[in-house]
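Asker: As input, take work25.txt (compact mmCIF, C-alpha atoms):
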# COMPACT_ATOMS: atom_id res chain seq x y z
CA LEU A 1 0.00 0.00 0.00
CA ARG A 2 1.67 3.21 -1.20
CA LEU A 3 0.75 6.16 0.97
CA MET A 4 1.72 9.82 0.67
CA VAL A 5 1.57 12.52 3.34
CA LEU A 6 1.62 16.10 2.04
CA ILE A 7 3.29 18.51 4.48
CA PRO A 8 3.40 22.31 4.15
CA GLU A 9 6.91 23.71 3.82
CA GLY A 10 8.16 26.40 6.19
CA SER A 11 9.45 26.98 9.69
CA ASN A 12 6.65 25.21 11.58
CA ARG A 13 8.76 22.88 13.72
CA PHE A 14 5.85 20.55 14.61
CA LEU A 15 5.21 19.88 10.90
CA GLN A 16 8.93 19.29 10.40
CA MET A 17 8.78 16.72 13.21
CA LEU A 18 5.81 15.09 11.47
CA GLY A 19 7.86 14.73 8.29
CA ASP A 20 10.75 13.26 10.28
CA VAL A 21 8.43 10.67 11.83
CA ILE A 22 7.35 9.53 8.37
CA GLY A 23 10.93 9.34 7.13
CA TYR A 24 12.43 7.52 10.10
CA ASP A 25 9.66 5.23 11.32
CA GLN A 26 9.16 2.92 8.33
CA ASP A 27 9.47 -0.14 10.61
CA HIS A 28 6.30 0.93 12.42
CA TRP A 29 4.26 0.65 9.22
CA ALA A 30 5.72 -2.75 8.18
CA PRO A 31 3.05 -4.85 9.98
CA PHE A 32 0.43 -3.08 7.85
CA ASN A 33 2.31 -3.86 4.60
CA VAL A 34 2.50 -0.12 3.95
CA ARG A 35 5.08 2.17 2.37
CA CYS A 36 4.64 5.72 3.67
CA GLN A 37 6.38 8.78 2.21
CA ALA A 38 6.26 12.52 2.81
CA ALA A 39 6.22 15.26 0.18
CA TYR A 40 6.64 18.94 1.00
CA ILE A 41 4.47 21.52 -0.74
CA GLU A 42 4.14 25.30 -0.71
CA SER A 43 2.41 26.52 2.45
CA PHE A 44 -0.88 28.45 2.45
CA ASN A 45 -1.38 27.97 -1.31
CA PRO A 46 -4.63 26.10 -2.11
CA GLU A 47 -3.83 25.82 -5.83
CA ALA A 48 -0.46 24.22 -5.08
CA LEU A 49 -2.12 21.83 -2.62
CA ALA A 50 -4.80 20.84 -5.16
CA GLN A 51 -2.16 20.22 -7.84
CA ALA A 52 -0.10 18.10 -5.43
CA LEU A 53 -3.15 16.02 -4.52
CA LEU A 54 -3.93 15.26 -8.16
CA HIS A 55 -0.26 14.68 -9.05
CA HIS A 56 0.44 12.20 -6.25
CA GLY A 57 -2.98 10.60 -6.66
CA LYS A 58 -1.77 9.12 -9.97
CA ARG A 59 0.92 7.02 -8.29
CA CYS A 60 -0.22 6.20 -4.76
CA ASP A 61 -3.09 4.40 -3.02
CA GLY A 62 -3.98 7.06 -0.44
CA ILE A 63 -3.06 10.60 0.57
CA ALA A 64 -3.09 12.30 3.97
CA PHE A 65 -2.78 16.07 3.97
CA MET A 66 -3.25 19.21 6.05
CA ALA A 67 -6.25 20.80 4.36
CA LEU A 68 -6.74 24.40 3.31
CA GLU A 69 -10.37 25.50 3.27
CA HIS A 70 -10.83 26.30 -0.43
CA PRO A 71 -13.03 25.13 -3.35
CA VAL A 72 -10.07 23.97 -5.51
CA VAL A 73 -8.88 21.70 -2.70
CA ARG A 74 -12.39 20.33 -2.19
CA GLU A 75 -12.68 19.66 -5.92
CA ALA A 76 -9.34 17.84 -6.02
CA VAL A 77 -10.45 15.59 -3.15
CA ALA A 78 -13.71 14.85 -5.00
CA GLN A 79 -11.80 14.01 -8.18
CA LEU A 80 -9.53 11.61 -6.29
CA ALA A 81 -12.57 9.98 -4.68
CA GLU A 82 -14.03 9.38 -8.17
CA GLN A 83 -10.74 7.73 -9.14
CA GLY A 84 -10.82 5.47 -6.08
CA VAL A 85 -7.98 7.22 -4.23
CA PRO A 86 -9.03 7.89 -0.62
CA THR A 87 -7.84 10.97 1.27
CA VAL A 88 -7.50 11.70 4.98
CA THR A 89 -7.26 15.20 6.39
CA LEU A 90 -4.55 15.59 9.01
CA ILE A 91 -4.42 18.28 11.75
CA SER A 92 -6.82 20.55 9.83
CA ASP A 93 -10.07 19.28 8.29
CA LEU A 94 -11.94 20.19 5.07
CA SER A 95 -15.66 20.91 5.34
CA ASN A 96 -18.25 19.36 2.99
CA SER A 97 -15.65 17.21 1.28
CA ARG A 98 -15.31 13.58 0.23
CA ARG A 99 -12.31 12.84 2.43
CA VAL A 100 -12.79 9.52 4.26
CA ALA A 101 -11.67 10.65 7.74
CA TYR A 102 -10.06 13.40 9.78
CA VAL A 103 -7.12 12.78 12.10
CA GLY A 104 -6.43 15.55 14.58
CA LEU A 105 -7.59 17.50 17.58
CA ASP A 106 -11.01 18.89 18.29
CA ASN A 107 -9.72 22.35 17.45
CA ARG A 108 -12.64 24.26 18.91
CA ALA A 109 -12.00 22.51 22.21
CA ALA A 110 -8.29 23.31 21.87
CA GLY A 111 -9.09 27.01 21.49
CA ARG A 112 -11.37 26.91 24.50
CA THR A 113 -8.64 25.17 26.50
CA ALA A 114 -6.15 27.90 25.58
CA ALA A 115 -8.61 30.60 26.61
CA TYR A 116 -9.34 28.87 29.91
CA LEU A 117 -5.63 28.57 30.69
CA ILE A 118 -4.92 32.21 29.87
CA GLY A 119 -7.91 33.39 31.91
CA ARG A 120 -6.89 31.34 34.92
CA PHE A 121 -3.22 32.34 34.68
CA MET A 122 -4.24 36.01 34.48
CA GLY A 123 -5.77 35.77 37.94
CA PRO A 124 -7.72 38.88 39.09
CA LEU A 125 -6.95 40.67 35.79
CA ALA A 126 -9.33 38.28 34.04
CA PHE A 127 -12.22 39.85 35.95
CA SER A 128 -11.25 43.48 35.37
CA ARG A 129 -11.51 45.80 32.38
CA GLN A 130 -7.82 46.63 32.59
CA ALA A 131 -6.42 43.87 30.39
CA ARG A 132 -6.44 42.62 26.81
CA VAL A 133 -5.44 39.34 25.22
CA ALA A 134 -4.37 38.68 21.65
CA MET A 135 -4.22 35.85 19.14
CA ILE A 136 -1.67 35.17 16.41
CA ALA A 137 -2.70 32.55 13.84
CA GLY A 138 -0.78 30.91 11.02
CA SER A 139 -3.59 31.46 8.53
CA LEU A 140 -7.36 31.36 8.89
CA ARG A 141 -7.39 29.45 5.60
CA TYR A 142 -6.74 26.49 7.87
CA ARG A 143 -10.02 25.37 9.36
CA ALA A 144 -8.05 24.25 12.43
CA HIS A 145 -6.88 27.81 13.09
CA GLU A 146 -10.32 29.25 12.42
CA GLU A 147 -11.92 26.78 14.86
CA ARG A 148 -9.28 27.46 17.53
CA GLU A 149 -9.98 31.18 17.21
CA ALA A 150 -13.74 30.58 17.54
CA GLY A 151 -13.33 28.39 20.61
CA PHE A 152 -11.02 30.94 22.21
CA LEU A 153 -13.44 33.81 21.62
CA HIS A 154 -16.44 31.87 22.88
CA LEU A 155 -14.83 30.93 26.17
CA PHE A 156 -13.71 34.50 26.87
CA GLU A 157 -17.23 35.73 26.10
CA GLU A 158 -18.68 33.15 28.49
CA GLN A 159 -16.24 33.23 31.41
CA PHE A 160 -14.16 36.41 31.15
CA PRO A 161 -16.39 38.95 29.34
CA GLN A 162 -14.59 41.93 30.89
CA VAL A 163 -11.37 41.16 29.00
CA GLN A 164 -11.08 42.60 25.50
CA VAL A 165 -9.77 40.16 22.89
CA VAL A 166 -7.68 41.92 20.24
CA GLY A 167 -8.48 40.92 16.65
CA VAL A 168 -6.51 37.94 15.39
CA ARG A 169 -3.32 38.54 13.39
CA GLU A 170 -1.78 36.13 10.88
CA GLY A 171 1.92 35.26 10.96
CA MET A 172 1.98 32.39 8.42
CA ASP A 173 3.64 30.09 11.01
CA ASP A 174 6.83 32.07 10.38
CA ALA A 175 8.98 32.96 13.39
CA GLU A 176 10.12 36.33 11.99
CA LYS A 177 6.59 37.40 11.01
CA ASN A 178 5.29 36.29 14.41
CA TYR A 179 8.06 38.32 16.03
CA GLN A 180 6.94 41.42 14.14
CA GLN A 181 3.27 40.80 14.95
CA ALA A 182 4.04 40.31 18.64
CA ARG A 183 6.24 43.44 18.76
CA ALA A 184 3.43 45.48 17.20
CA LEU A 185 0.88 44.12 19.68
CA LEU A 186 3.11 44.80 22.69
CA GLU A 187 3.87 48.35 21.55
CA GLN A 188 0.24 49.10 20.69
CA HIS A 189 -1.32 47.66 23.87
CA SER A 190 0.42 48.45 27.14
CA ASP A 191 -2.32 46.51 28.94
CA LEU A 192 -1.75 43.28 26.97
CA ALA A 193 -1.88 40.41 29.47
CA GLY A 194 -1.85 37.29 27.29
CA ILE A 195 -1.04 35.91 23.84
CA TYR A 196 -2.42 32.75 22.25
CA ASN A 197 -0.29 31.43 19.38
CA ILE A 198 -2.77 29.42 17.30
CA GLY A 199 -0.18 27.97 14.91
CA GLY A 200 3.62 27.62 14.69
CA GLY A 201 6.51 30.05 14.95
CA ALA A 202 6.33 30.37 18.74
CA GLU A 203 10.01 31.25 19.00
CA GLY A 204 9.35 34.59 17.27
CA ILE A 205 6.73 35.56 19.84
CA GLY A 206 9.03 34.40 22.62
CA ARG A 207 11.80 36.66 21.33
CA ALA A 208 9.47 39.66 21.29
CA LEU A 209 8.32 38.95 24.85
CA LYS A 210 11.91 38.75 26.07
CA GLU A 211 12.82 42.02 24.38
CA VAL A 212 9.77 44.16 25.04
CA ALA A 213 7.92 42.65 27.95
CA ALA A 214 10.64 41.22 30.17
CA ASP A 215 9.50 43.51 32.97
CA ARG A 216 5.82 42.53 32.74
CA LYS A 217 4.65 38.94 32.93
CA LEU A 218 2.37 38.04 30.05
CA VAL A 219 0.64 34.68 29.77
CA PHE A 220 1.79 32.87 26.63
CA ILE A 221 0.02 29.71 25.41
CA GLY A 222 0.73 27.91 22.14
CA HIS A 223 0.59 24.64 20.20
CA GLY A 224 3.00 21.81 19.41
CA LEU A 225 5.74 20.52 21.70
CA THR A 226 8.97 21.08 19.74
CA PRO A 227 12.55 21.92 20.73
CA ASP A 228 11.63 25.62 20.46
CA THR A 229 8.50 25.54 22.60
CA ARG A 230 10.28 23.24 25.04
CA ALA A 231 13.03 25.85 25.51
CA LEU A 232 10.42 28.58 26.00
CA LEU A 233 8.68 26.49 28.66
CA ILE A 234 11.94 25.83 30.47
CA ASP A 235 12.99 29.50 30.61
CA GLY A 236 9.51 30.58 31.72
CA THR A 237 8.60 32.60 28.61
CA MET A 238 5.82 30.20 27.72
CA ASP A 239 3.27 28.98 30.25
CA ALA A 240 1.72 25.97 28.50
CA VAL A 241 1.74 24.08 25.19
CA ILE A 242 -1.25 22.20 23.80
CA THR A 243 0.09 19.32 21.74
CA GLN A 244 -0.59 15.97 20.11
CA ASN A 245 1.64 13.01 19.32
CA PRO A 246 2.96 13.24 15.72
CA GLN A 247 3.78 9.52 15.58
CA GLY A 248 0.29 8.65 16.78
CA ALA A 249 -1.24 10.90 14.13
CA VAL A 250 0.65 9.20 11.30
CA MET A 251 -0.15 5.77 12.74
CA ASN A 252 -3.86 6.61 12.74
CA CYS A 253 -3.64 7.61 9.08
CA VAL A 254 -1.91 4.33 8.22
CA ARG A 255 -4.57 2.35 10.10
CA ILE A 256 -7.37 4.14 8.23
CA PHE A 257 -5.90 3.37 4.81
CA ALA A 258 -5.19 -0.25 5.83
CA ASN A 259 -8.81 -0.60 6.99
CA LEU A 260 -10.08 0.66 3.64
CA ARG A 261 -7.80 -1.75 1.77
CA ASP A 262 -9.02 -4.67 3.89
CA GLY A 263 -12.71 -3.80 3.61
CA ARG A 264 -13.19 -2.64 7.21
CA GLU A 265 -14.81 0.55 8.42
CA ALA A 266 -12.33 3.39 7.95
CA THR A 267 -11.95 4.27 11.62
CA SER A 268 -12.04 0.72 13.05
CA GLY A 269 -9.42 0.47 15.78
CA VAL A 270 -8.37 4.11 15.31
CA GLU A 271 -8.01 6.00 18.55
CA THR A 272 -9.47 9.47 18.98
CA THR A 273 -6.72 12.09 18.93
CA ARG A 274 -6.23 13.44 22.42
CA SER A 275 -4.62 16.74 23.28
CA GLN A 276 -2.02 17.06 26.01
CA VAL A 277 -1.36 20.23 27.97
CA ILE A 278 2.34 20.47 28.74
CA PHE A 279 3.76 22.75 31.42
CA ARG A 280 7.40 23.18 32.46
CA GLU A 281 6.74 20.91 35.43
CA ASN A 282 5.47 17.93 33.41
CA LEU A 283 7.72 18.07 30.35
CA PRO A 284 8.15 14.54 28.96
As structure tokens, how would this structure be written, given the file I've shared?
Answerer:
Amino acid sequence: LRLMVLIPEGSNRFLQMLGDVIGYDQDHWAPFNVRCQAAYIESFNPEALAQALLHHGKRCDGIAFMALEHPVVREAVAQLAEQGVPTVTLISDLSNSRRVAYVGLDNRAAGRTAAYLIGRFMGPLAFSRQARVAMIAGSLRYRAHEEREAGFLHLFEEQFPQVQVVGVREGMDDAEKNYQQARALLEQHSDLAGIYNIGGGAEGIGRALKEVAADRKLVFIGHGLTPDTRALLIDGTMDAVITQNPQGAVMNCVRIFANLRDGREATSGVETTRSQVIFRENLP
């Protein structure tokens, strides 16, 4: 069974780790009689993603990919389904599409979790009108990022309505762009009390916090346990990381395609993806 995983290029360290898992863990897929490969494609470009889906669909038996919410991507998935090539969305789903399954977090719940953590870490400030919190996303073209934003906003509206949430900014999962976005937020809002990094590039935000806000403790929550976020947790710049197991995610994709090959229900034996909240004190 020839499987392909399409991974966006760029500086998102969690996605790089995902690609490494696919490259180095071939022995894990051997019991399923599967050959799994990774291909890197241009980030945040729906046309490039659609072309990659159709290109690799000619020479493989299944494709897992991080979806961009766009009609050309949806159409490519439908075309592959007509050709008998199943697709699985990974980390970020694709609405109203013919993909066979989604492997990833409940992203609305992840956003709510981030908001809850920031609100609790803020302490009394969360119940005053003297604080703001901000969000930096990779791109809202990812349904995952859009859902995390929605969950974050809803929980603040429900539990901490006094706090003003600054409109989301996009950093394209790039550390330098996130650095610039964070610097602008810190300089514009002297009452900023928390930042939620919805995507990658946490090290850029961490650098801005160390430079501009070293004298005022902001709550910083993000996603994906990587060497960068680990270092930020250890030095106290970051308060918590919401993460998932990259090896488990790829294994779930392999199981789904093996189930389809063997005539079983797609998600038979596939575990629900669970999020972990990592603090400095419980680093694995």
Asker: Which is closest to Gly111 (chain A) among A:Met172, A:Leu283, A:Ile7, A:Ile242, if we use only C-alpha atoms?
Answerer: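 When distances to Gly111 (chain A) are compared using only C-alpha atoms, the smallest one comes from A:Ile242.
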Asker: Would you work out the distance separating CA of Asp191 (chain A) from CA of Gly204 (chain A), expressed in Å to one decimal?
Answerer: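 Going from CA of Asp191 (chain A) over to CA of Gly204 (chain A), I get 20.4 Å.
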Asker: Using only C-alpha atoms, which residues sit within 7 Å of region 74-88 of chain A once same-chain residues fewer than 4 positions away are excluded, as a PDB file with C-alpha atoms, keeping the file's coordinate frame?
Answerer:
ATOM      1  CA  ALA A  50      -4.800  20.840  -5.160  1.00  0.00           C
ATOM      2  CA  LEU A  53      -3.150  16.020  -4.520  1.00  0.00           C
ATOM      3  CA  LEU A  54      -3.930  15.260  -8.160  1.00  0.00           C
ATOM      4  CA  GLY A  57      -2.980  10.600  -6.660  1.00  0.00           C
ATOM      5  CA  ASP A  61      -3.090   4.400  -3.020  1.00  0.00           C
ATOM      6  CA  GLY A  62      -3.980   7.060  -0.440  1.00  0.00           C
ATOM      7  CA  ILE A  63      -3.060  10.600   0.570  1.00  0.00           C
ATOM      8  CA  ALA A  64      -3.090  12.300   3.970  1.00  0.00           C
ATOM      9  CA  PHE A  65      -2.780  16.070   3.970  1.00  0.00           C
ATOM     10  CA  HIS A  70     -10.830  26.300  -0.430  1.00  0.00           C
ATOM     11  CA  SER A  97     -15.650  17.210   1.280  1.00  0.00           C
ATOM     12  CA  ARG A  98     -15.310  13.580   0.230  1.00  0.00           C
ATOM     13  CA  ARG A  99     -12.310  12.840   2.430  1.00  0.00           C
ATOM     14  CA  VAL A 100     -12.790   9.520   4.260  1.00  0.00           C
ATOM     15  CA  ALA A 101     -11.670  10.650   7.740  1.00  0.00           C
ATOM     16  CA  TYR A 102     -10.060  13.400   9.780  1.00  0.00           C
ATOM     17  CA  CYS A 253      -3.640   7.610   9.080  1.00  0.00           C
TER      18      CYS A 253
END
Asker: Can you tell me, as a ChimeraX atom specification, what residues are no more than 7 Å from region 226-231 of chain A when counting only C-alpha atoms, ignoring any on the same chain fewer than 4 positions away?
Answerer: /A:13-14,202-203,235
Asker: In Å, how far is it from CA of Ala175 (chain A) to CA of Gly236 (chain A)?
Answerer: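 Result for CA of Ala175 (chain A) versus CA of Gly236 (chain A): 18.5 Å, one decimal.
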Asker: Find the distance between CA of Gly194 (chain A) and CA of Phe220 (chain A) and write it in Å to one decimal.
Answerer: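 Answer for the CA of Gly194 (chain A) to CA of Phe220 (chain A) separation: 5.8 Å.
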Asker: Counting all atoms listed in the file, which residues of region 61-123 of chain A sit at most 9 Å from some atom of region 151-162 of chain A, and what is each one's closest atom pair with its distance in Å to one decimal, listed by chain and rising residue number, as JSON lines?
Answerer:
{"residue": "A:Asn107", "atom": "CA", "partner": "A:Gly151", "partner_atom": "CA", "distance": 7.7}
{"residue": "A:Arg108", "atom": "CA", "partner": "A:Gly151", "partner_atom": "CA", "distance": 4.5}
{"residue": "A:Ala109", "atom": "CA", "partner": "A:Gly151", "partner_atom": "CA", "distance": 6.2}
{"residue": "A:Ala110", "atom": "CA", "partner": "A:Gly151", "partner_atom": "CA", "distance": 7.3}
{"residue": "A:Gly111", "atom": "CA", "partner": "A:Phe152", "partner_atom": "CA", "distance": 4.4}
{"residue": "A:Arg112", "atom": "CA", "partner": "A:Gly151", "partner_atom": "CA", "distance": 4.6}
{"residue": "A:Thr113", "atom": "CA", "partner": "A:Phe152", "partner_atom": "CA", "distance": 7.6}
{"residue": "A:Ala114", "atom": "CA", "partner": "A:Phe152", "partner_atom": "CA", "distance": 6.7}
{"residue": "A:Ala115", "atom": "CA", "partner": "A:Phe152", "partner_atom": "CA", "distance": 5.0}
{"residue": "A:Tyr116", "atom": "CA", "partner": "A:Leu155", "partner_atom": "CA", "distance": 7.0}
{"residue": "A:Gly119", "atom": "CA", "partner": "A:Phe160", "partner_atom": "CA", "distance": 7.0}
Asker: Rank nothing, just name the residue among A:Leu105, A:Met66, A:Gly10, A:Arg169 nearest to Gly201 (chain A), using only C-alpha atoms.
Answerer: A:Gly10
Asker: May I ask which of the residues A:Arg35, A:Arg261, A:Arg132, A:Lys177 is the closest one to Val5 (chain A), counting all atoms listed in the file?
Answerer: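 Of A:Arg35, A:Arg261, A:Arg132, A:Lys177, the one nearest Val5 (chain A), counting all atoms listed in the file, is A:Arg35.
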Asker: Calculated over all atoms listed in the file, which of the candidates A:Lys58, A:Ala52, A:Glu176, A:Gln37 has the smallest distance to Asp20 (chain A)?
Answerer: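 Smallest separation from Asp20 (chain A) among the options: A:Gln37.
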